[in-house]
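Here the structure is laid out as structure tokens; the discussion comes afterwards.
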Amino acid sequence: AKLDSPIVLDGRDGPVVVDAAQIEPFSFIQGPAAIGPGSTISRARILAETTIGAVCRIGGEVEASVVQGFSNKHHDGFLGHAWLGEWVNIGAMTTNSDLKNNYGSVRVTLEGIGQLDTGLLKLGCFLADHVKLGIGLHLNGGTMIGTGSNVFGMHSVPKNVPHFTWGGDVFREYRIDSMINVARTVMGRRKRELTPS
């Protein structure tokens, strides 16, 4: 690991595990937390119960979230009580809410089931593999965005965005050949190859 001061690693409430990662100056990490190999924490505030996978770039504020490998939230904005798949990219100042204004439990909408009360006071967003979010988007608690979607150019994102969706004020299907070409480019930047399977 490469740790560039000044940084704060707060292990009072649990361990801070840093694999072969880089922690840049002015970062704060509160345990329990884990940072995967090849990741960069860039002027970030990582709060307890956060796990960052391999080869991620994380900035801004992240709390009680799971970020799988090769995903980026490199800029300011809040990510809380959220789950991100692999190869996700979150634009600057995009933020999710994880607490309702009335302090009620967060609801999610599941395909084929409908709306479900989670019973949780805090719950952020769920972003599937290869989701791309533009700058300055706002996501309500319980927002789910499906695989391969590219959302941009709007203020508030709907609570459910289907797989392979493209757009902002108007959504349309993200053509699979275009989505695969973007995925191939993104993966190539991390020296990974998109296999035929």
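Identifiers in the structure tokens: chain A, B, ... in order shown; residue index from 1 per chain; ligand index from 1 in order shown.
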| said: Among chain A, which residues does DSSP mark as helix (DSSP H, G or I) when it is run on the backbone? Keep the chain and numbering as in the structure and answer as a VMD selection string. | reply: chain A and resid 176 to 189
Need to verify the contact set: A:Asn96, 8 Å, only C-alpha atoms, exclusion of same-chain residues closer than 6 positions in sequence. Can you return it as a tab-separated table (two decimals) with N, CA and C atoms, in the first residue's frame?
```
chain	number	residue	atom	x	y	z
A	78	PHE	N	-22.14	12.23	-2.70
A	78	PHE	CA	-22.35	11.29	-1.61
A	78	PHE	C	-22.88	9.96	-2.15
A	79	LEU	N	-22.32	8.86	-1.61
A	79	LEU	CA	-22.80	7.52	-1.88
A	79	LEU	C	-22.97	6.84	-0.53
A	80	GLY	N	-24.20	6.51	-0.16
A	80	GLY	CA	-24.43	5.93	1.16
A	80	GLY	C	-25.35	4.75	1.14
A	124	GLY	N	-29.55	3.13	0.26
A	124	GLY	CA	-29.19	3.95	-0.89
A	124	GLY	C	-29.63	3.33	-2.20
A	125	CYS	N	-28.71	3.29	-3.16
A	125	CYS	CA	-29.03	2.82	-4.50
A	125	CYS	C	-28.35	1.48	-4.79
A	138	HIS	N	-29.31	13.07	-9.11
A	138	HIS	CA	-29.79	12.80	-7.76
A	138	HIS	C	-30.58	11.49	-7.79
A	139	LEU	N	-30.23	10.58	-6.88
A	139	LEU	CA	-30.89	9.28	-6.79
A	139	LEU	C	-31.54	9.16	-5.42
A	140	ASN	N	-32.81	8.83	-5.38
A	140	ASN	CA	-33.51	8.61	-4.12
A	140	ASN	C	-33.13	7.27	-3.53
A	141	GLY	N	-33.38	7.12	-2.23
A	141	GLY	CA	-33.15	5.84	-1.58
A	141	GLY	C	-33.94	4.74	-2.25
```
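Relative to atom CA of A:Val131, atom CA of A:Leu110 is found at 18.1 Å.
Distances to A:Leu194 were evaluated for A:Leu127, A:Leu133, A:Met179, A:Leu121 using only C-alpha atoms, and the minimum falls at A:Met179.
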| A:Ala128, A:Ala33, A:Ile90, A:Ala1: which is nearest A:Arg57, counting only C-alpha atoms? | A:Ile90
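The shell of residues at most 6 Å from A:His81, with only C-alpha atoms counted and near chain neighbours (fewer than 3 positions) removed, consists of Ala64, Ser65, Leu123 and Gly124 of chain A.
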Go ahead and dump the residues you just picked, N, CA, C and O atoms, as a PDB file, in the first residue's frame.
```pdb
ATOM      1  N   ALA A  64     -20.991   3.183   4.411  1.00  0.00           N
ATOM      2  CA  ALA A  64     -21.694   1.905   4.534  1.00  0.00           C
ATOM      3  C   ALA A  64     -22.114   1.347   3.174  1.00  0.00           C
ATOM      4  O   ALA A  64     -23.259   0.966   2.971  1.00  0.00           O
ATOM      5  N   SER A  65     -21.179   1.296   2.243  1.00  0.00           N
ATOM      6  CA  SER A  65     -21.473   0.859   0.883  1.00  0.00           C
ATOM      7  C   SER A  65     -20.511  -0.235   0.443  1.00  0.00           C
ATOM      8  O   SER A  65     -19.415  -0.354   0.965  1.00  0.00           O
ATOM      9  N   LEU A 123     -31.190   3.260   3.269  1.00  0.00           N
ATOM     10  CA  LEU A 123     -30.922   2.409   2.109  1.00  0.00           C
ATOM     11  C   LEU A 123     -30.681   3.318   0.918  1.00  0.00           C
ATOM     12  O   LEU A 123     -31.499   4.185   0.618  1.00  0.00           O
ATOM     13  N   GLY A 124     -29.551   3.130   0.262  1.00  0.00           N
ATOM     14  CA  GLY A 124     -29.194   3.953  -0.889  1.00  0.00           C
ATOM     15  C   GLY A 124     -29.625   3.330  -2.197  1.00  0.00           C
ATOM     16  O   GLY A 124     -30.741   2.853  -2.347  1.00  0.00           O
TER      17      GLY A 124
END
```
| query | If you count only C-alpha atoms, which residues fall within 10 Å of A:Arg45, apart from same-chain ones fewer than 5 positions away, as a list in words? | reply | Val8, Phe26, Ser27, Phe28, Ile29, Gln30, Ile58, Gly59, Gly60, Glu61, Val62, Glu63, Asp76 and Phe78 of chain A
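Distance check against A:Gly148 using only C-alpha atoms: of A:Gly188, A:Gly77, A:Gly119, A:Pro162, the minimum falls on A:Pro162.
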Distance query A:Ser149 at most 10 Å, only C-alpha atoms, self and fewer than 3 positions along chain excluded, as a PDB file with all heavy atoms, in the first residue's frame:
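File part.pdb, as written:
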```pdb
ATOM      1  N   VAL A  88     -18.808   0.187 -12.874  1.00  0.00           N
ATOM      2  CA  VAL A  88     -19.723   1.317 -12.723  1.00  0.00           C
ATOM      3  C   VAL A  88     -18.908   2.608 -12.758  1.00  0.00           C
ATOM      4  O   VAL A  88     -17.795   2.654 -12.243  1.00  0.00           O
ATOM      5  CB  VAL A  88     -20.502   1.205 -11.389  1.00  0.00           C
ATOM      6  CG1 VAL A  88     -21.294   2.467 -11.090  1.00  0.00           C
ATOM      7  CG2 VAL A  88     -21.413  -0.021 -11.408  1.00  0.00           C
ATOM      8  N   LEU A 127     -26.668  -0.218  -8.176  1.00  0.00           N
ATOM      9  CA  LEU A 127     -26.235   0.013  -9.546  1.00  0.00           C
ATOM     10  C   LEU A 127     -25.593  -1.265 -10.071  1.00  0.00           C
ATOM     11  O   LEU A 127     -24.584  -1.717  -9.550  1.00  0.00           O
ATOM     12  CB  LEU A 127     -25.226   1.166  -9.603  1.00  0.00           C
ATOM     13  CG  LEU A 127     -25.665   2.488  -8.948  1.00  0.00           C
ATOM     14  CD1 LEU A 127     -24.560   3.536  -9.074  1.00  0.00           C
ATOM     15  CD2 LEU A 127     -26.967   2.995  -9.525  1.00  0.00           C
ATOM     16  N   ALA A 128     -26.190  -1.837 -11.104  1.00  0.00           N
ATOM     17  CA  ALA A 128     -25.710  -3.106 -11.655  1.00  0.00           C
ATOM     18  C   ALA A 128     -24.428  -2.897 -12.468  1.00  0.00           C
ATOM     19  O   ALA A 128     -23.981  -1.766 -12.689  1.00  0.00           O
ATOM     20  CB  ALA A 128     -26.803  -3.736 -12.524  1.00  0.00           C
ATOM     21  N   ASP A 129     -23.840  -3.985 -12.925  1.00  0.00           N
ATOM     22  CA  ASP A 129     -22.595  -3.941 -13.698  1.00  0.00           C
ATOM     23  C   ASP A 129     -22.733  -3.016 -14.915  1.00  0.00           C
ATOM     24  O   ASP A 129     -23.776  -2.976 -15.567  1.00  0.00           O
ATOM     25  CB  ASP A 129     -22.213  -5.338 -14.193  1.00  0.00           C
ATOM     26  CG  ASP A 129     -21.809  -6.274 -13.069  1.00  0.00           C
ATOM     27  OD1 ASP A 129     -21.605  -5.810 -11.935  1.00  0.00           O
ATOM     28  OD2 ASP A 129     -21.701  -7.487 -13.330  1.00  0.00           O
ATOM     29  N   HIS A 130     -21.664  -2.301 -15.201  1.00  0.00           N
ATOM     30  CA  HIS A 130     -21.528  -1.441 -16.385  1.00  0.00           C
ATOM     31  C   HIS A 130     -22.517  -0.279 -16.421  1.00  0.00           C
ATOM     32  O   HIS A 130     -22.807   0.250 -17.504  1.00  0.00           O
ATOM     33  CB  HIS A 130     -21.615  -2.266 -17.682  1.00  0.00           C
ATOM     34  CG  HIS A 130     -20.459  -3.193 -17.871  1.00  0.00           C
ATOM     35  ND1 HIS A 130     -19.240  -2.764 -18.353  1.00  0.00           N
ATOM     36  CD2 HIS A 130     -20.324  -4.518 -17.609  1.00  0.00           C
ATOM     37  CE1 HIS A 130     -18.410  -3.789 -18.398  1.00  0.00           C
ATOM     38  NE2 HIS A 130     -19.037  -4.864 -17.949  1.00  0.00           N
ATOM     39  N   VAL A 131     -23.033   0.147 -15.277  1.00  0.00           N
ATOM     40  CA  VAL A 131     -23.882   1.346 -15.224  1.00  0.00           C
ATOM     41  C   VAL A 131     -22.988   2.582 -15.302  1.00  0.00           C
ATOM     42  O   VAL A 131     -21.935   2.646 -14.659  1.00  0.00           O
ATOM     43  CB  VAL A 131     -24.731   1.369 -13.934  1.00  0.00           C
ATOM     44  CG1 VAL A 131     -25.339   2.748 -13.687  1.00  0.00           C
ATOM     45  CG2 VAL A 131     -25.831   0.323 -14.010  1.00  0.00           C
ATOM     46  N   LYS A 132     -23.408   3.564 -16.080  1.00  0.00           N
ATOM     47  CA  LYS A 132     -22.716   4.843 -16.195  1.00  0.00           C
ATOM     48  C   LYS A 132     -23.713   5.948 -15.827  1.00  0.00           C
ATOM     49  O   LYS A 132     -24.822   5.992 -16.360  1.00  0.00           O
ATOM     50  CB  LYS A 132     -22.206   5.089 -17.624  1.00  0.00           C
ATOM     51  CG  LYS A 132     -21.383   3.940 -18.196  1.00  0.00           C
ATOM     52  CD  LYS A 132     -20.053   3.766 -17.494  1.00  0.00           C
ATOM     53  CE  LYS A 132     -19.225   2.666 -18.107  1.00  0.00           C
ATOM     54  NZ  LYS A 132     -19.228   1.425 -17.372  1.00  0.00           N
ATOM     55  N   LEU A 133     -23.292   6.833 -14.903  1.00  0.00           N
ATOM     56  CA  LEU A 133     -24.138   7.953 -14.484  1.00  0.00           C
ATOM     57  C   LEU A 133     -23.428   9.252 -14.803  1.00  0.00           C
ATOM     58  O   LEU A 133     -22.252   9.421 -14.478  1.00  0.00           O
ATOM     59  CB  LEU A 133     -24.428   7.881 -12.982  1.00  0.00           C
ATOM     60  CG  LEU A 133     -25.170   6.636 -12.495  1.00  0.00           C
ATOM     61  CD1 LEU A 133     -25.384   6.706 -10.984  1.00  0.00           C
ATOM     62  CD2 LEU A 133     -26.499   6.470 -13.213  1.00  0.00           C
ATOM     63  N   ILE A 145     -30.790   0.659 -10.771  1.00  0.00           N
ATOM     64  CA  ILE A 145     -30.465   0.906 -12.172  1.00  0.00           C
ATOM     65  C   ILE A 145     -29.866  -0.364 -12.748  1.00  0.00           C
ATOM     66  O   ILE A 145     -28.896  -0.903 -12.225  1.00  0.00           O
ATOM     67  CB  ILE A 145     -29.512   2.106 -12.321  1.00  0.00           C
ATOM     68  CG1 ILE A 145     -30.177   3.357 -11.720  1.00  0.00           C
ATOM     69  CG2 ILE A 145     -29.145   2.317 -13.789  1.00  0.00           C
ATOM     70  CD1 ILE A 145     -29.351   4.610 -11.798  1.00  0.00           C
ATOM     71  N   GLY A 146     -30.478  -0.841 -13.842  1.00  0.00           N
ATOM     72  CA  GLY A 146     -30.133  -2.133 -14.413  1.00  0.00           C
ATOM     73  C   GLY A 146     -28.844  -2.147 -15.213  1.00  0.00           C
ATOM     74  O   GLY A 146     -28.304  -1.112 -15.626  1.00  0.00           O
ATOM     75  N   PHE A 152     -28.048  10.171 -17.915  1.00  0.00           N
ATOM     76  CA  PHE A 152     -27.388  11.477 -17.925  1.00  0.00           C
ATOM     77  C   PHE A 152     -28.410  12.556 -18.239  1.00  0.00           C
ATOM     78  O   PHE A 152     -29.546  12.268 -18.624  1.00  0.00           O
ATOM     79  CB  PHE A 152     -26.271  11.496 -18.985  1.00  0.00           C
ATOM     80  CG  PHE A 152     -26.755  11.118 -20.358  1.00  0.00           C
ATOM     81  CD1 PHE A 152     -27.262  12.069 -21.224  1.00  0.00           C
ATOM     82  CD2 PHE A 152     -26.735   9.782 -20.771  1.00  0.00           C
ATOM     83  CE1 PHE A 152     -27.735  11.709 -22.482  1.00  0.00           C
ATOM     84  CE2 PHE A 152     -27.197   9.412 -22.026  1.00  0.00           C
ATOM     85  CZ  PHE A 152     -27.700  10.386 -22.886  1.00  0.00           C
ATOM     86  N   VAL A 161     -34.690   2.015 -13.215  1.00  0.00           N
ATOM     87  CA  VAL A 161     -34.244   2.178 -14.593  1.00  0.00           C
ATOM     88  C   VAL A 161     -33.942   0.770 -15.100  1.00  0.00           C
ATOM     89  O   VAL A 161     -33.080   0.079 -14.554  1.00  0.00           O
ATOM     90  CB  VAL A 161     -32.990   3.081 -14.681  1.00  0.00           C
ATOM     91  CG1 VAL A 161     -32.502   3.166 -16.118  1.00  0.00           C
ATOM     92  CG2 VAL A 161     -33.290   4.471 -14.116  1.00  0.00           C
ATOM     93  N   PRO A 162     -34.657   0.312 -16.140  1.00  0.00           N
ATOM     94  CA  PRO A 162     -34.463  -1.049 -16.644  1.00  0.00           C
ATOM     95  C   PRO A 162     -33.058  -1.282 -17.195  1.00  0.00           C
ATOM     96  O   PRO A 162     -32.333  -0.339 -17.521  1.00  0.00           O
ATOM     97  CB  PRO A 162     -35.499  -1.175 -17.766  1.00  0.00           C
ATOM     98  CG  PRO A 162     -36.483  -0.077 -17.523  1.00  0.00           C
ATOM     99  CD  PRO A 162     -35.714   1.023 -16.854  1.00  0.00           C
ATOM    100  N   HIS A 163     -32.701  -2.545 -17.335  1.00  0.00           N
ATOM    101  CA  HIS A 163     -31.433  -2.919 -17.952  1.00  0.00           C
ATOM    102  C   HIS A 163     -31.335  -2.286 -19.343  1.00  0.00           C
ATOM    103  O   HIS A 163     -32.332  -2.130 -20.041  1.00  0.00           O
ATOM    104  CB  HIS A 163     -31.335  -4.447 -18.106  1.00  0.00           C
ATOM    105  CG  HIS A 163     -31.447  -5.194 -16.816  1.00  0.00           C
ATOM    106  ND1 HIS A 163     -30.480  -5.165 -15.837  1.00  0.00           N
ATOM    107  CD2 HIS A 163     -32.430  -5.993 -16.338  1.00  0.00           C
ATOM    108  CE1 HIS A 163     -30.844  -5.920 -14.820  1.00  0.00           C
ATOM    109  NE2 HIS A 163     -32.034  -6.422 -15.101  1.00  0.00           N
ATOM    110  N   PHE A 164     -30.115  -1.928 -19.744  1.00  0.00           N
ATOM    111  CA  PHE A 164     -29.812  -1.428 -21.088  1.00  0.00           C
ATOM    112  C   PHE A 164     -30.686  -0.229 -21.471  1.00  0.00           C
ATOM    113  O   PHE A 164     -31.325  -0.213 -22.515  1.00  0.00           O
ATOM    114  CB  PHE A 164     -29.914  -2.554 -22.123  1.00  0.00           C
ATOM    115  CG  PHE A 164     -29.070  -3.743 -21.757  1.00  0.00           C
ATOM    116  CD1 PHE A 164     -29.648  -4.915 -21.299  1.00  0.00           C
ATOM    117  CD2 PHE A 164     -27.685  -3.671 -21.834  1.00  0.00           C
ATOM    118  CE1 PHE A 164     -28.866  -6.001 -20.928  1.00  0.00           C
ATOM    119  CE2 PHE A 164     -26.895  -4.757 -21.469  1.00  0.00           C
ATOM    120  CZ  PHE A 164     -27.487  -5.924 -21.022  1.00  0.00           C
ATOM    121  N   THR A 165     -30.693   0.765 -20.584  1.00  0.00           N
ATOM    122  CA  THR A 165     -31.423   2.011 -20.829  1.00  0.00           C
ATOM    123  C   THR A 165     -30.427   3.119 -21.119  1.00  0.00           C
ATOM    124  O   THR A 165     -29.384   3.215 -20.493  1.00  0.00           O
ATOM    125  CB  THR A 165     -32.278   2.375 -19.596  1.00  0.00           C
ATOM    126  OG1 THR A 165     -33.271   1.363 -19.410  1.00  0.00           O
ATOM    127  CG2 THR A 165     -32.960   3.714 -19.760  1.00  0.00           C
ATOM    128  N   TRP A 166     -30.777   3.976 -22.073  1.00  0.00           N
ATOM    129  CA  TRP A 166     -29.926   5.087 -22.490  1.00  0.00           C
ATOM    130  C   TRP A 166     -30.739   6.377 -22.398  1.00  0.00           C
ATOM    131  O   TRP A 166     -31.871   6.424 -22.861  1.00  0.00           O
ATOM    132  CB  TRP A 166     -29.491   4.873 -23.933  1.00  0.00           C
ATOM    133  CG  TRP A 166     -28.808   6.058 -24.568  1.00  0.00           C
ATOM    134  CD1 TRP A 166     -29.412   7.119 -25.179  1.00  0.00           C
ATOM    135  CD2 TRP A 166     -27.405   6.298 -24.646  1.00  0.00           C
ATOM    136  NE1 TRP A 166     -28.469   7.997 -25.637  1.00  0.00           N
ATOM    137  CE2 TRP A 166     -27.228   7.528 -25.313  1.00  0.00           C
ATOM    138  CE3 TRP A 166     -26.286   5.610 -24.210  1.00  0.00           C
ATOM    139  CZ2 TRP A 166     -25.974   8.076 -25.564  1.00  0.00           C
ATOM    140  CZ3 TRP A 166     -25.036   6.151 -24.458  1.00  0.00           C
ATOM    141  CH2 TRP A 166     -24.883   7.365 -25.142  1.00  0.00           C
ATOM    142  N   GLY A 167     -30.156   7.425 -21.795  1.00  0.00           N
ATOM    143  CA  GLY A 167     -30.789   8.727 -21.883  1.00  0.00           C
ATOM    144  C   GLY A 167     -30.980   9.423 -20.569  1.00  0.00           C
ATOM    145  O   GLY A 167     -30.438   9.038 -19.534  1.00  0.00           O
ATOM    146  N   GLU A 173     -33.922   2.337 -25.429  1.00  0.00           N
ATOM    147  CA  GLU A 173     -33.082   1.158 -25.252  1.00  0.00           C
ATOM    148  C   GLU A 173     -31.654   1.473 -25.695  1.00  0.00           C
ATOM    149  O   GLU A 173     -31.427   2.081 -26.735  1.00  0.00           O
ATOM    150  CB  GLU A 173     -33.627  -0.004 -26.079  1.00  0.00           C
ATOM    151  CG  GLU A 173     -32.851  -1.278 -25.884  1.00  0.00           C
ATOM    152  CD  GLU A 173     -33.420  -2.447 -26.678  1.00  0.00           C
ATOM    153  OE1 GLU A 173     -34.567  -2.346 -27.135  1.00  0.00           O
ATOM    154  OE2 GLU A 173     -32.702  -3.437 -26.838  1.00  0.00           O
ATOM    155  N   TYR A 174     -30.694   1.067 -24.867  1.00  0.00           N
ATOM    156  CA  TYR A 174     -29.280   1.225 -25.189  1.00  0.00           C
ATOM    157  C   TYR A 174     -28.918   0.044 -26.073  1.00  0.00           C
ATOM    158  O   TYR A 174     -28.910  -1.099 -25.621  1.00  0.00           O
ATOM    159  CB  TYR A 174     -28.476   1.222 -23.895  1.00  0.00           C
ATOM    160  CG  TYR A 174     -27.035   1.676 -23.986  1.00  0.00           C
ATOM    161  CD1 TYR A 174     -26.281   1.756 -22.838  1.00  0.00           C
ATOM    162  CD2 TYR A 174     -26.425   2.034 -25.182  1.00  0.00           C
ATOM    163  CE1 TYR A 174     -24.960   2.179 -22.866  1.00  0.00           C
ATOM    164  CE2 TYR A 174     -25.114   2.455 -25.223  1.00  0.00           C
ATOM    165  CZ  TYR A 174     -24.380   2.523 -24.064  1.00  0.00           C
ATOM    166  OH  TYR A 174     -23.068   2.935 -24.094  1.00  0.00           O
ATOM    167  N   MET A 179     -23.421  -0.572 -26.328  1.00  0.00           N
ATOM    168  CA  MET A 179     -23.071  -0.794 -24.924  1.00  0.00           C
ATOM    169  C   MET A 179     -21.818  -1.661 -24.823  1.00  0.00           C
ATOM    170  O   MET A 179     -20.922  -1.395 -24.027  1.00  0.00           O
ATOM    171  CB  MET A 179     -24.247  -1.444 -24.198  1.00  0.00           C
ATOM    172  CG  MET A 179     -24.043  -1.648 -22.714  1.00  0.00           C
ATOM    173  SD  MET A 179     -23.434  -3.325 -22.436  1.00  0.00           S
ATOM    174  CE  MET A 179     -22.603  -3.108 -20.893  1.00  0.00           C
TER     175      MET A 179
END
```
| message | Can you pull out the residues contacting A:Arg12? Cut-off 9 Å, using only C-alpha atoms, and skip same-chain residues under 3 positions away; I want them as an MDAnalysis selection string. | response | chainID A and resid 15 30:32
| request: Apply DSSP to the structure's backbone, then extract all residues of stretch 73-195 of chain A labelled strand (DSSP E) and return them as a VMD selection string. | output: chain A and resid 73 78 to 80 83 to 84 89 to 90 95 to 96 107 to 110 114 to 117 126 to 127 132 to 133 138 to 139 144 to 145 150 to 151 160 to 161 165 to 167 171 to 173
Sorted per-residue table, stretch 4-35 of chain A near stretch 40-44 of chain A, closest atoms and distance, 12 Å, only C-alpha atoms, as a tab-separated table:
```
residue	atom	partner	partner_atom	distance
A:Asp4	CA	A:Ser42	CA	10.3
A:Ser5	CA	A:Arg43	CA	10.9
A:Pro6	CA	A:Arg43	CA	10.1
A:Ile7	CA	A:Arg43	CA	8.9
A:Val8	CA	A:Ala44	CA	10.5
A:Leu9	CA	A:Ala44	CA	11.7
A:Val18	CA	A:Ile41	CA	10.4
A:Asp19	CA	A:Thr40	CA	10.7
A:Ala20	CA	A:Thr40	CA	9.7
A:Ala21	CA	A:Thr40	CA	6.0
A:Gln22	CA	A:Thr40	CA	4.8
A:Ile23	CA	A:Ile41	CA	4.8
A:Glu24	CA	A:Ser42	CA	5.1
A:Pro25	CA	A:Arg43	CA	6.1
A:Phe26	CA	A:Arg43	CA	5.0
A:Ser27	CA	A:Arg43	CA	4.5
A:Phe28	CA	A:Ala44	CA	6.2
A:Ile29	CA	A:Ala44	CA	7.9
A:Gln30	CA	A:Ala44	CA	11.0
A:Ala34	CA	A:Ile41	CA	11.4
A:Ile35	CA	A:Ile41	CA	8.4
```
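Taking atom CA of A:Phe171 as the reference point, atom CA of A:Arg189 is found at 27.5 Å.
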| Near-stretch 101-109 of chain A list (6 Å; only C-alpha atoms; drop same-chain fewer than 6 positions) as a ChimeraX atom specification | /A:115-121,142
